[in-house]
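Asker: First, the structure itself, so that you have it in front of you.
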Amino acid sequence: MTHPRPVRVRFAPSPTGHLHVGGARTAIFNWLFAKSHDGSFILRIEDTDQQRSTRESEAMVLDDLRWLDLHWDEGPEAGGIHGPYRQSERMEIYGGMARELLQSGRAYHCFCDEEMLERKRKESEEAKQPPHYDLTCWKLGPEERRQKAEAGDKSVVRFHVPKEAGASFDGDVHIDDLIRGEIVWKKESLGDFILLRSDGMPTYNFSVVVDDHLMEISHVIRAEEHLTNTHRQVLIYRAMNWPVPEFAHVSLILGEDRTKLSKRHGATSVSQYAEDGFLPAAMLNYLALLGWSPPDGKEIFTATEAIAHFSLDRVNAAPAVFDAQKLLWMNGQYLRQMPSSTLRRQISRELEMADLVTGGGAAAEEWLDEAVDLVQKGADKMSQLRPALMFLFHFDAAAAVTDPEISPLIADSDTRIVIDALHRDLSERGGPVTAEEYQALAERVKIASGAQGKKLFMPIRVAVTGSLHGPELARTFPLLEKGSRTPGIARVLSPLERVEAFRAALG
Ligand code: GLU
């Protein structure tokens with residue numbers, strides 16, 4: 001039995017682009033695990049790849065995490081006692097640890113150059129041998145290595161894998177993965193590997209172990225693709241006499257064609273979804289379901305509910321399939337539940353940019369809330385809201401009468417009778433401002449024109465909206481009528497003005 005350690009987990013992105021949905025899912029699992037254990041969630045930036053890492057990317061990744069409403073207890077900006085939290089600022093620490101391993105004889109300087117190593121790799125491949133380092137520099141012995149180093153020969157620091165079983169080591173490497181069960185790397189498959197490159201930069205395997213240890217990480221929850229590295233990391237922990245954390249390797253995310261999710265499958269970065277009008281709570285919910293499900297089988301849940309139910313036992317070892325349609329459906333569920341005033345506030349900038357809000361004010365906000373409420377039922381994502389509102393502001397009668405979809409309706413002589421009756425009623429009585437008033441209007445037009453059902457409602461709809469499709473007329477009419485008198489928004493034509501324009505276009 002190992003002593004239970006305080007739960008401390010980390011998400012360790014390499015800042016080389018936007019946050020990928022797979023990375024976001026890993027971050028979410030770590031965060032849920034930390035929160036469900038009263039533990040700490042640490043953010044560490046793995047930016048030792050100087051060619052590919054950028055501060056811009058780091059800022060974007062942080063923004064994407066914040067957008068998802070994931071908060072880290074320690075990390076860049078948040079600070080913490082185990083910092084710095086950027087690997088590029090921890091170089092001296094890795095250098096010091098490498099010296100310890102050199103001194104204890106668990107690592108050595110290796111002077112073989114890339115060209116020679118490549119040639120040897122090829123030779124072992126041809127001889128069908130595992131492509132391990134052939135131990136040339138290990139065999140030189142400490143004295144000869146010291147002389148080469150003193151002569152200024154370029155070297156890397158290489159970890160030496162003990163070949164003999166010892167008290168704490170049976171030669172193989174085992175882990176008991178919390179998602180995948182026992183995993184064993186046989187001793188034949190282990191070869192000496194690099195800790196520090198010739199420019200002093202640590203390799204991923206080295207920096208990750210040093211940091212996970214110093215940051216007191218209890219559980220390493222990360223992508224399955226890192227399983228190819230885990231045995232090397234375990235060997236370093238052992239050589240340093242450090243406690244080995246628990247590991248949980250989360251399965252891959254596949255596209256619908258069952259190949260690894262990539263750009264070919266569509267949007268893969270969190271920011272693309274944010275820009276496309278997805279809601280963070282829906283995104284978090286959907287990503288949490290990629291490989292995990294709560295015991296009650298519910299598909300829609302809040303972050304608090306997910307925290308209450310999260311456990312690694314229920315994380316699936318099989319790959320998860322990213323289903324963009326389901327994400328859209330889920331987003332629609334969230335969007336339709338949201339108060340229209342919240343949505344209106346979220347798109348307010350967009351409305352201003354489109355000159356739909358001209359002065360604002362309480363009356364304008366109230367009217368816009370009603371307008372958003374009318375269209376949100378038919379929307380799956382935020383980006384559909386503004387386009388869905390446009391019919392209130394733009395009415396192009398000439399385009400409507402020549403629209404091929406609408407032409408058959410116009411060709412029907414009864415249509416004109418309905419439109420004329422509608423026009424008369426609106427001119428005489430004014431436009432309806434409540435649903436009841438609209439119902440009464442429709443009833444009068446029905447009697448006056450003799451039309452009913454579709455033959456009544458389609459002409460009415462087309463004459464005021466310019467389209468065969470749209471939200472309920474009983475709400476649309478009052479909204480247009482009120483909009484035509486509301487200050488602070490772009491000009492809205494009243495139902496009467498619309499019918500007049502439509503009749504004019506019909507000629
Ligand atoms: N920096 C690694 C990555 O972005 C994460 C490594 C780890 O979690 O151990 O894939």
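Ligands are numbered from 1 in the order shown, residues from 1 within each chain, and chains are lettered A, B, ... in the order they appear in the structure tokens.
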Residues at most 12 Å from Arg66 in chain A, counting only C-alpha atoms, excluding those fewer than 2 positions away in the same chain, as a list in words?

Answerer: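 Near neighbours after the sequence-gap exclusion: Leu19, Ala24, Ala27, Ile28, Leu43, Ala59, Met60, Val61, Leu62, Asp63, Asp64, Leu68, Asp69, Leu70, His71, Trp72, Glu77, Val270, Ser271, Ala274, Pro280, Ala281 and Leu284 of chain A.
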
Asker: I want to know what sits within 7 Å of Phe33 in chain A, based on only C-alpha atoms, with residues of the same chain fewer than 3 positions away left out; could you give that as a PDB file with N, CA and C atoms, in the first residue's frame?

Answerer:
ATOM      1  N   PHE A  29     -10.678  16.375 -18.038  1.00  0.00           N
ATOM      2  CA  PHE A  29     -10.601  15.193 -17.160  1.00  0.00           C
ATOM      3  C   PHE A  29      -9.718  15.486 -15.939  1.00  0.00           C
ATOM      4  N   ASN A  30      -8.600  16.153 -16.173  1.00  0.00           N
ATOM      5  CA  ASN A  30      -7.726  16.496 -15.050  1.00  0.00           C
ATOM      6  C   ASN A  30      -8.441  17.407 -14.067  1.00  0.00           C
ATOM      7  N   SER A  36     -13.055  16.746  -8.044  1.00  0.00           N
ATOM      8  CA  SER A  36     -13.838  15.709  -7.365  1.00  0.00           C
ATOM      9  C   SER A  36     -13.068  15.102  -6.192  1.00  0.00           C
ATOM     10  N   HIS A  37     -11.781  15.432  -6.083  1.00  0.00           N
ATOM     11  CA  HIS A  37     -10.988  14.935  -4.951  1.00  0.00           C
ATOM     12  C   HIS A  37     -10.489  16.057  -4.060  1.00  0.00           C
ATOM     13  N   PHE A 310     -17.563  12.423 -11.269  1.00  0.00           N
ATOM     14  CA  PHE A 310     -16.410  11.987 -12.065  1.00  0.00           C
ATOM     15  C   PHE A 310     -15.560  10.943 -11.360  1.00  0.00           C
ATOM     16  N   SER A 311     -15.209   9.901 -12.102  1.00  0.00           N
ATOM     17  CA  SER A 311     -14.197   8.969 -11.594  1.00  0.00           C
ATOM     18  C   SER A 311     -13.493   8.342 -12.789  1.00  0.00           C
TER      19      SER A 311
END

Asker: Neighbours of ligand 1 at 9 Å or closer, counting only C-alpha atoms and all ligand atoms: which residues, as a PyMOL selection string?

Answerer: chain A and resi 10-16+23+26+44-47+204-205+208-209+212+220-223+225-226+229-230

Asker: If we count only C-alpha atoms and set the cut-off at 10 Å, which residues sit around range 235-243 of chain A, ignoring sequence neighbours fewer than 5 positions away in its own chain? Please answer as a ChimeraX atom specification.

Answerer: /A:2,97,100-101,104-107,159-162,168-169,172-173,190,195,205-206,209-210,212-214,216-218,230

Asker: Using only C-alpha atoms, pick whichever of A:Ala363, A:Leu356, A:Ala399, A:Leu374 has the shortest atom-to-atom distance to Arg485 in chain A.

Answerer: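 Residue with the minimum atom-to-atom distance to Arg485 in chain A: A:Ala363.
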
Asker: Would you pick out the contacts of Gln346 in chain A at 12 Å or less, using only C-alpha atoms, so that residues sharing its chain but fewer than 4 positions from it are not included, and give the list as an MDAnalysis selection string?

Answerer: chainID A and resid 277:279 335 338:342 350:352 369 372 382:383 385:386

Asker: What would the file look like if the residues just selected were written as a PDB file, in the first residue's frame with N, CA, C and O atoms?

Answerer:
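What ended up in again38.pdb:
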ATOM      1  N   GLY A 277     -19.717  30.127 -32.445  1.00  0.00           N
ATOM      2  CA  GLY A 277     -20.956  30.321 -31.691  1.00  0.00           C
ATOM      3  C   GLY A 277     -21.346  29.167 -30.793  1.00  0.00           C
ATOM      4  O   GLY A 277     -22.515  29.031 -30.439  1.00  0.00           O
ATOM      5  N   PHE A 278     -20.369  28.338 -30.408  1.00  0.00           N
ATOM      6  CA  PHE A 278     -20.684  27.291 -29.433  1.00  0.00           C
ATOM      7  C   PHE A 278     -20.564  27.869 -28.028  1.00  0.00           C
ATOM      8  O   PHE A 278     -19.810  28.811 -27.798  1.00  0.00           O
ATOM      9  N   LEU A 279     -21.303  27.283 -27.112  1.00  0.00           N
ATOM     10  CA  LEU A 279     -21.298  27.778 -25.740  1.00  0.00           C
ATOM     11  C   LEU A 279     -20.310  26.964 -24.914  1.00  0.00           C
ATOM     12  O   LEU A 279     -20.260  25.732 -25.043  1.00  0.00           O
ATOM     13  N   LEU A 335     -28.392  26.289 -25.712  1.00  0.00           N
ATOM     14  CA  LEU A 335     -28.731  27.628 -26.209  1.00  0.00           C
ATOM     15  C   LEU A 335     -30.211  27.932 -25.989  1.00  0.00           C
ATOM     16  O   LEU A 335     -30.581  29.027 -25.566  1.00  0.00           O
ATOM     17  N   MET A 338     -31.155  29.077 -22.517  1.00  0.00           N
ATOM     18  CA  MET A 338     -30.573  30.298 -21.929  1.00  0.00           C
ATOM     19  C   MET A 338     -31.538  31.466 -21.971  1.00  0.00           C
ATOM     20  O   MET A 338     -32.305  31.609 -22.923  1.00  0.00           O
ATOM     21  N   PRO A 339     -31.509  32.320 -20.925  1.00  0.00           N
ATOM     22  CA  PRO A 339     -32.369  33.508 -20.961  1.00  0.00           C
ATOM     23  C   PRO A 339     -32.007  34.361 -22.176  1.00  0.00           C
ATOM     24  O   PRO A 339     -30.820  34.534 -22.483  1.00  0.00           O
ATOM     25  N   SER A 340     -33.049  34.865 -22.861  1.00  0.00           N
ATOM     26  CA  SER A 340     -32.774  35.635 -24.079  1.00  0.00           C
ATOM     27  C   SER A 340     -31.935  36.867 -23.773  1.00  0.00           C
ATOM     28  O   SER A 340     -31.122  37.289 -24.581  1.00  0.00           O
ATOM     29  N   SER A 341     -32.105  37.431 -22.557  1.00  0.00           N
ATOM     30  CA  SER A 341     -31.341  38.647 -22.254  1.00  0.00           C
ATOM     31  C   SER A 341     -29.843  38.327 -22.173  1.00  0.00           C
ATOM     32  O   SER A 341     -28.999  39.128 -22.568  1.00  0.00           O
ATOM     33  N   THR A 342     -29.502  37.119 -21.691  1.00  0.00           N
ATOM     34  CA  THR A 342     -28.086  36.722 -21.635  1.00  0.00           C
ATOM     35  C   THR A 342     -27.534  36.591 -23.055  1.00  0.00           C
ATOM     36  O   THR A 342     -26.442  37.073 -23.359  1.00  0.00           O
ATOM     37  N   GLU A 350     -21.877  42.233 -31.681  1.00  0.00           N
ATOM     38  CA  GLU A 350     -22.137  41.837 -33.058  1.00  0.00           C
ATOM     39  C   GLU A 350     -23.309  42.645 -33.643  1.00  0.00           C
ATOM     40  O   GLU A 350     -23.288  43.056 -34.791  1.00  0.00           O
ATOM     41  N   LEU A 351     -24.321  42.872 -32.803  1.00  0.00           N
ATOM     42  CA  LEU A 351     -25.489  43.634 -33.255  1.00  0.00           C
ATOM     43  C   LEU A 351     -25.101  45.087 -33.521  1.00  0.00           C
ATOM     44  O   LEU A 351     -25.549  45.685 -34.500  1.00  0.00           O
ATOM     45  N   GLU A 352     -24.225  45.605 -32.663  1.00  0.00           N
ATOM     46  CA  GLU A 352     -23.776  46.986 -32.871  1.00  0.00           C
ATOM     47  C   GLU A 352     -22.953  47.089 -34.143  1.00  0.00           C
ATOM     48  O   GLU A 352     -23.123  47.999 -34.939  1.00  0.00           O
ATOM     49  N   ASP A 369     -34.591  41.556 -26.598  1.00  0.00           N
ATOM     50  CA  ASP A 369     -34.757  40.325 -25.819  1.00  0.00           C
ATOM     51  C   ASP A 369     -35.904  39.500 -26.384  1.00  0.00           C
ATOM     52  O   ASP A 369     -35.818  38.281 -26.521  1.00  0.00           O
ATOM     53  N   VAL A 372     -34.773  38.007 -29.686  1.00  0.00           N
ATOM     54  CA  VAL A 372     -33.867  36.854 -29.500  1.00  0.00           C
ATOM     55  C   VAL A 372     -34.681  35.658 -29.020  1.00  0.00           C
ATOM     56  O   VAL A 372     -34.509  34.527 -29.495  1.00  0.00           O
ATOM     57  N   MET A 382     -24.685  30.134 -31.349  1.00  0.00           N
ATOM     58  CA  MET A 382     -24.789  31.597 -31.218  1.00  0.00           C
ATOM     59  C   MET A 382     -24.675  32.293 -32.573  1.00  0.00           C
ATOM     60  O   MET A 382     -25.347  33.280 -32.819  1.00  0.00           O
ATOM     61  N   SER A 383     -23.803  31.767 -33.425  1.00  0.00           N
ATOM     62  CA  SER A 383     -23.565  32.454 -34.697  1.00  0.00           C
ATOM     63  C   SER A 383     -24.811  32.449 -35.582  1.00  0.00           C
ATOM     64  O   SER A 383     -24.858  33.152 -36.582  1.00  0.00           O
ATOM     65  N   LEU A 385     -27.754  33.302 -34.428  1.00  0.00           N
ATOM     66  CA  LEU A 385     -28.742  34.242 -33.891  1.00  0.00           C
ATOM     67  C   LEU A 385     -28.861  35.506 -34.740  1.00  0.00           C
ATOM     68  O   LEU A 385     -29.958  35.897 -35.105  1.00  0.00           O
ATOM     69  N   ARG A 386     -27.735  36.143 -35.004  1.00  0.00           N
ATOM     70  CA  ARG A 386     -27.832  37.406 -35.747  1.00  0.00           C
ATOM     71  C   ARG A 386     -28.451  37.181 -37.129  1.00  0.00           C
ATOM     72  O   ARG A 386     -29.403  37.876 -37.478  1.00  0.00           O
TER      73      ARG A 386
END

Asker: Taking only C-alpha atoms into account, which of A:Pro319, A:Gly431, A:Pro6, A:Gly17 comes nearest Trp292 in chain A?

Answerer: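 Of A:Pro319, A:Gly431, A:Pro6, A:Gly17, the one nearest Trp292 in chain A is A:Pro319, counting only C-alpha atoms.
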
Asker: To one decimal place, how far is CA of Leu254 in chain A from CA of Leu287 in chain A in Å?

Answerer: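 One can read the CA of Leu254 in chain A to CA of Leu287 in chain A distance as 12.7 Å.
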
Asker: Hey, which of A:Arg55, A:Arg416, A:Lys35, A:Arg121 ends up closest to Val7 in chain A? Count only C-alpha atoms.

Answerer: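 Closest candidate: A:Lys35.
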
Asker: Range 171-394 of chain A: which residues are alpha helix (DSSP H) by DSSP, as a compact mmCIF listing (two decimals) with N, CA and C atoms, in the first residue's frame?

Answerer:
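Done, and the output landed in out24.txt:
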# COMPACT_ATOMS: atom_id res chain seq x y z
N TYR A 204 11.71 15.71 -23.58
CA TYR A 204 10.38 15.69 -22.95
C TYR A 204 10.35 14.73 -21.76
N ASN A 205 10.91 13.52 -21.96
CA ASN A 205 10.83 12.52 -20.88
C ASN A 205 11.50 12.98 -19.60
N PHE A 206 12.57 13.73 -19.75
CA PHE A 206 13.31 14.15 -18.56
C PHE A 206 12.59 15.32 -17.86
N SER A 207 12.26 16.34 -18.65
CA SER A 207 11.65 17.52 -18.00
C SER A 207 10.31 17.15 -17.38
N VAL A 208 9.58 16.26 -18.03
CA VAL A 208 8.25 15.93 -17.51
C VAL A 208 8.36 15.23 -16.15
N VAL A 209 9.37 14.36 -16.02
CA VAL A 209 9.52 13.65 -14.75
C VAL A 209 10.00 14.60 -13.65
N VAL A 210 10.99 15.42 -13.99
CA VAL A 210 11.51 16.36 -12.99
C VAL A 210 10.37 17.26 -12.51
N ASP A 211 9.60 17.77 -13.45
CA ASP A 211 8.53 18.69 -13.06
C ASP A 211 7.40 17.98 -12.32
N ASP A 212 7.01 16.82 -12.83
CA ASP A 212 5.92 16.12 -12.14
C ASP A 212 6.33 15.78 -10.71
N HIS A 213 7.61 15.45 -10.54
CA HIS A 213 8.07 15.15 -9.19
C HIS A 213 8.09 16.42 -8.32
N LEU A 214 8.75 17.47 -8.82
CA LEU A 214 8.89 18.68 -7.99
C LEU A 214 7.53 19.35 -7.75
N LEU A 227 1.95 6.94 -23.96
CA LEU A 227 2.32 5.62 -23.42
C LEU A 227 3.65 5.15 -23.99
N THR A 228 3.99 5.65 -25.16
CA THR A 228 5.27 5.24 -25.76
C THR A 228 6.44 5.81 -24.96
N ASN A 229 6.16 6.72 -24.03
CA ASN A 229 7.22 7.35 -23.24
C ASN A 229 7.22 6.93 -21.79
N THR A 230 6.10 6.39 -21.33
CA THR A 230 5.91 6.24 -19.89
C THR A 230 6.98 5.36 -19.24
N HIS A 231 7.40 4.29 -19.94
CA HIS A 231 8.40 3.39 -19.32
C HIS A 231 9.70 4.13 -19.04
N ARG A 232 10.08 5.03 -19.96
CA ARG A 232 11.33 5.78 -19.72
C ARG A 232 11.16 6.67 -18.50
N GLN A 233 9.98 7.23 -18.38
CA GLN A 233 9.74 8.11 -17.24
C GLN A 233 9.78 7.33 -15.93
N VAL A 234 9.21 6.13 -15.94
CA VAL A 234 9.23 5.30 -14.72
C VAL A 234 10.68 4.98 -14.34
N LEU A 235 11.50 4.71 -15.36
CA LEU A 235 12.91 4.40 -15.07
C LEU A 235 13.62 5.59 -14.42
N ILE A 236 13.28 6.77 -14.86
CA ILE A 236 13.92 7.96 -14.24
C ILE A 236 13.45 8.11 -12.79
N TYR A 237 12.14 7.95 -12.56
CA TYR A 237 11.65 8.02 -11.17
C TYR A 237 12.42 7.05 -10.29
N ARG A 238 12.58 5.83 -10.78
CA ARG A 238 13.26 4.80 -9.97
C ARG A 238 14.70 5.20 -9.69
N ALA A 239 15.36 5.68 -10.76
CA ALA A 239 16.78 6.03 -10.59
C ALA A 239 16.94 7.16 -9.59
N MET A 240 15.97 8.04 -9.50
CA MET A 240 16.05 9.17 -8.58
C MET A 240 15.48 8.81 -7.20
N VAL A 270 -10.51 24.41 -30.07
CA VAL A 270 -11.56 24.95 -29.21
C VAL A 270 -11.95 26.35 -29.68
N SER A 271 -10.95 27.14 -30.08
CA SER A 271 -11.27 28.52 -30.47
C SER A 271 -12.15 28.57 -31.71
N GLN A 272 -12.00 27.59 -32.60
CA GLN A 272 -12.88 27.58 -33.77
C GLN A 272 -14.34 27.41 -33.34
N TYR A 273 -14.54 26.55 -32.35
CA TYR A 273 -15.91 26.35 -31.85
C TYR A 273 -16.41 27.60 -31.13
N ALA A 274 -15.50 28.24 -30.40
CA ALA A 274 -15.90 29.47 -29.70
C ALA A 274 -16.33 30.52 -30.73
N GLU A 275 -15.52 30.65 -31.78
CA GLU A 275 -15.85 31.65 -32.81
C GLU A 275 -17.11 31.30 -33.57
N PRO A 280 -19.53 27.63 -24.06
CA PRO A 280 -18.52 26.89 -23.29
C PRO A 280 -19.11 25.76 -22.45
N ALA A 281 -20.28 25.99 -21.86
CA ALA A 281 -20.83 24.93 -21.00
C ALA A 281 -21.20 23.70 -21.82
N ALA A 282 -21.68 23.93 -23.06
CA ALA A 282 -22.05 22.80 -23.92
C ALA A 282 -20.79 22.07 -24.38
N MET A 283 -19.76 22.84 -24.68
CA MET A 283 -18.49 22.25 -25.13
C MET A 283 -17.90 21.40 -24.01
N LEU A 284 -17.91 21.93 -22.81
CA LEU A 284 -17.36 21.19 -21.67
C LEU A 284 -18.17 19.91 -21.45
N ASN A 285 -19.47 20.02 -21.53
CA ASN A 285 -20.34 18.85 -21.36
C ASN A 285 -20.03 17.80 -22.43
N TYR A 286 -19.95 18.26 -23.68
CA TYR A 286 -19.74 17.30 -24.77
C TYR A 286 -18.37 16.63 -24.66
N LEU A 287 -17.34 17.43 -24.39
CA LEU A 287 -15.99 16.86 -24.32
C LEU A 287 -15.86 15.91 -23.13
N ALA A 288 -16.55 16.23 -22.03
CA ALA A 288 -16.48 15.34 -20.86
C ALA A 288 -17.08 13.98 -21.20
N ALA A 303 -21.18 21.45 -14.96
CA ALA A 303 -19.82 21.14 -14.51
C ALA A 303 -19.88 20.63 -13.06
N THR A 304 -20.74 21.23 -12.25
CA THR A 304 -20.84 20.81 -10.84
C THR A 304 -21.32 19.36 -10.75
N GLU A 305 -22.28 19.00 -11.60
CA GLU A 305 -22.74 17.61 -11.60
C GLU A 305 -21.63 16.67 -12.06
N ALA A 306 -20.89 17.10 -13.07
CA ALA A 306 -19.79 16.25 -13.57
C ALA A 306 -18.75 16.04 -12.46
N ILE A 307 -18.46 17.11 -11.73
CA ILE A 307 -17.48 16.99 -10.63
C ILE A 307 -18.00 15.99 -9.60
N ALA A 308 -19.27 16.07 -9.29
CA ALA A 308 -19.84 15.19 -8.27
C ALA A 308 -19.74 13.71 -8.68
N HIS A 309 -19.78 13.45 -9.98
CA HIS A 309 -19.83 12.05 -10.44
C HIS A 309 -18.54 11.53 -11.04
N ALA A 324 -19.61 15.63 -34.51
CA ALA A 324 -19.88 17.08 -34.60
C ALA A 324 -21.38 17.37 -34.55
N GLN A 325 -22.18 16.45 -35.11
CA GLN A 325 -23.64 16.65 -35.11
C GLN A 325 -24.19 16.61 -33.69
N LYS A 326 -23.64 15.68 -32.91
CA LYS A 326 -24.12 15.56 -31.54
C LYS A 326 -23.72 16.79 -30.72
N LEU A 327 -22.52 17.28 -30.98
CA LEU A 327 -22.07 18.50 -30.29
C LEU A 327 -23.01 19.66 -30.63
N LEU A 328 -23.37 19.75 -31.91
CA LEU A 328 -24.27 20.82 -32.34
C LEU A 328 -25.63 20.66 -31.66
N TRP A 329 -26.11 19.44 -31.63
CA TRP A 329 -27.40 19.16 -30.97
C TRP A 329 -27.34 19.58 -29.50
N MET A 330 -26.24 19.20 -28.85
CA MET A 330 -26.10 19.52 -27.43
C MET A 330 -26.03 21.02 -27.22
N ASN A 331 -25.31 21.68 -28.12
CA ASN A 331 -25.20 23.13 -28.01
C ASN A 331 -26.58 23.77 -28.14
N GLY A 332 -27.38 23.23 -29.06
CA GLY A 332 -28.74 23.73 -29.23
C GLY A 332 -29.55 23.57 -27.95
N GLN A 333 -29.37 22.45 -27.27
CA GLN A 333 -30.09 22.22 -26.01
C GLN A 333 -29.75 23.32 -25.01
N TYR A 334 -28.45 23.64 -24.94
CA TYR A 334 -28.02 24.68 -23.99
C TYR A 334 -28.53 26.05 -24.42
N LEU A 335 -28.39 26.29 -25.71
CA LEU A 335 -28.73 27.63 -26.21
C LEU A 335 -30.21 27.93 -25.99
N ARG A 336 -31.05 26.94 -26.25
CA ARG A 336 -32.49 27.18 -26.12
C ARG A 336 -32.92 27.38 -24.67
N GLN A 337 -32.12 26.87 -23.74
CA GLN A 337 -32.42 27.02 -22.31
C GLN A 337 -32.00 28.38 -21.76
N SER A 340 -33.05 34.87 -22.86
CA SER A 340 -32.77 35.63 -24.08
C SER A 340 -31.93 36.87 -23.77
N SER A 341 -32.11 37.43 -22.56
CA SER A 341 -31.34 38.65 -22.25
C SER A 341 -29.84 38.33 -22.17
N THR A 342 -29.50 37.12 -21.69
CA THR A 342 -28.09 36.72 -21.64
C THR A 342 -27.53 36.59 -23.05
N LEU A 343 -28.32 35.94 -23.90
CA LEU A 343 -27.85 35.77 -25.28
C LEU A 343 -27.73 37.13 -25.96
N ARG A 344 -28.72 37.99 -25.72
CA ARG A 344 -28.68 39.32 -26.34
C ARG A 344 -27.41 40.07 -25.92
N ARG A 345 -27.08 39.95 -24.62
CA ARG A 345 -25.87 40.63 -24.16
C ARG A 345 -24.64 40.05 -24.85
N GLN A 346 -24.66 38.72 -25.02
CA GLN A 346 -23.47 38.10 -25.63
C GLN A 346 -23.29 38.49 -27.10
N SER A 348 -24.35 41.40 -28.27
CA SER A 348 -24.61 42.84 -28.40
C SER A 348 -23.57 43.53 -29.28
N ARG A 349 -22.33 43.11 -29.13
CA ARG A 349 -21.26 43.73 -29.92
C ARG A 349 -21.51 43.47 -31.41
N GLU A 350 -21.88 42.23 -31.68
CA GLU A 350 -22.14 41.84 -33.06
C GLU A 350 -23.31 42.64 -33.64
N LEU A 351 -24.32 42.87 -32.80
CA LEU A 351 -25.49 43.63 -33.25
C LEU A 351 -25.10 45.09 -33.52
N GLU A 352 -24.23 45.60 -32.66
CA GLU A 352 -23.78 46.99 -32.87
C GLU A 352 -22.95 47.09 -34.14
N MET A 353 -22.07 46.09 -34.32
CA MET A 353 -21.22 46.11 -35.51
C MET A 353 -22.06 46.07 -36.77
N ALA A 362 -33.20 51.13 -22.70
CA ALA A 362 -34.01 50.07 -22.11
C ALA A 362 -35.05 49.52 -23.09
N ALA A 363 -35.69 50.42 -23.85
CA ALA A 363 -36.74 49.95 -24.77
C ALA A 363 -36.12 49.06 -25.85
N ALA A 364 -34.96 49.49 -26.34
CA ALA A 364 -34.28 48.70 -27.38
C ALA A 364 -33.91 47.32 -26.83
N GLU A 365 -33.39 47.30 -25.60
CA GLU A 365 -32.98 46.02 -25.01
C GLU A 365 -34.17 45.09 -24.82
N GLU A 366 -35.25 45.67 -24.36
CA GLU A 366 -36.45 44.86 -24.12
C GLU A 366 -36.96 44.26 -25.44
N TRP A 367 -36.96 45.10 -26.46
CA TRP A 367 -37.43 44.61 -27.76
C TRP A 367 -36.48 43.53 -28.31
N LEU A 368 -35.18 43.77 -28.16
CA LEU A 368 -34.21 42.79 -28.66
C LEU A 368 -34.31 41.47 -27.90
N ASP A 369 -34.59 41.56 -26.60
CA ASP A 369 -34.76 40.32 -25.82
C ASP A 369 -35.90 39.50 -26.38
N GLU A 370 -36.97 40.21 -26.73
CA GLU A 370 -38.13 39.51 -27.28
C GLU A 370 -37.79 38.91 -28.65
N ALA A 371 -37.01 39.67 -29.42
CA ALA A 371 -36.62 39.20 -30.74
C ALA A 371 -35.72 37.96 -30.62
N VAL A 372 -34.77 38.01 -29.69
CA VAL A 372 -33.87 36.85 -29.50
C VAL A 372 -34.68 35.66 -29.02
N ASP A 373 -35.60 35.91 -28.11
CA ASP A 373 -36.43 34.83 -27.60
C ASP A 373 -37.20 34.15 -28.74
N LEU A 374 -37.62 34.95 -29.71
CA LEU A 374 -38.38 34.40 -30.83
C LEU A 374 -37.51 33.49 -31.70
N VAL A 375 -36.25 33.88 -31.94
CA VAL A 375 -35.44 33.10 -32.88
C VAL A 375 -34.58 32.02 -32.20
N GLN A 376 -34.37 32.13 -30.90
CA GLN A 376 -33.43 31.17 -30.27
C GLN A 376 -33.96 29.74 -30.31
N LEU A 385 -27.75 33.30 -34.43
CA LEU A 385 -28.74 34.24 -33.89
C LEU A 385 -28.86 35.51 -34.74
N ARG A 386 -27.74 36.14 -35.00
CA ARG A 386 -27.83 37.41 -35.75
C ARG A 386 -28.45 37.18 -37.13
N PRO A 387 -27.96 36.18 -37.90
CA PRO A 387 -28.63 35.95 -39.18
C PRO A 387 -30.13 35.69 -39.02
N ALA A 388 -30.49 34.98 -37.93
CA ALA A 388 -31.92 34.67 -37.74
C ALA A 388 -32.72 35.93 -37.42
N LEU A 389 -32.05 36.94 -36.87
CA LEU A 389 -32.75 38.19 -36.52
C LEU A 389 -32.90 39.12 -37.73
N MET A 390 -32.11 38.86 -38.77
CA MET A 390 -32.03 39.82 -39.87
C MET A 390 -33.38 40.08 -40.56
N PHE A 391 -34.24 39.07 -40.56
CA PHE A 391 -35.51 39.26 -41.28
C PHE A 391 -36.35 40.38 -40.65
N LEU A 392 -36.04 40.70 -39.39
CA LEU A 392 -36.78 41.77 -38.73
C LEU A 392 -36.33 43.14 -39.25
N PHE A 393 -35.09 43.20 -39.71
CA PHE A 393 -34.51 44.49 -40.11
C PHE A 393 -34.49 44.68 -41.62

Asker: Could you jot down the CA of Arg258 in chain A to CA of Ala317 in chain A separation for me, Å, one decimal place?

Answerer: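 CA of Ala317 in chain A lies at a distance of 15.1 Å from CA of Arg258 in chain A.
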
Asker: Quick one: distance from CA of Ala267 in chain A to CA of Val21 in chain A in Å, one decimal?

Answerer: 9.0 Å

Asker: Give me the residues within 12 Å of Pro404 in chain A as a list in words, counting only C-alpha atoms and dropping any in the same chain fewer than 5 places off.

Answerer: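 Non-adjacent residues within range: Ala399, Leu409, Ile410, Ala411, Ser467 and Leu468 of chain A.
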
Asker: Ranking A:Gln50, A:Thr415, A:Ser427, A:Ser484 by minimum distance to Arg461 in chain A and counting only C-alpha atoms, which one comes first?

Answerer: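 When distances to Arg461 in chain A are compared using only C-alpha atoms, the smallest one comes from A:Thr415.
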
Asker: If we count only C-alpha atoms, what is near range 178-180 of chain A at a cut-off of 8 Å, once residues fewer than 3 positions away on the same chain are taken out, given as a list of chain:residue names?

Answerer: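 Result of the neighbour search: A:Ile183, A:Glu246, A:Phe247, A:Ala248, A:His249, A:Val250, A:Leu312, A:Asp313, A:Val315, A:Asn316, A:Ala317.
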
Asker: Compile the contact shell of Ala318 in chain A as a list in words: residues with an atom at most 9 Å away, counting only C-alpha atoms, same-chain residues fewer than 5 positions apart removed.

Answerer: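 Result of the neighbour search: Val250, Ser251, Leu252 and Gly291 of chain A.
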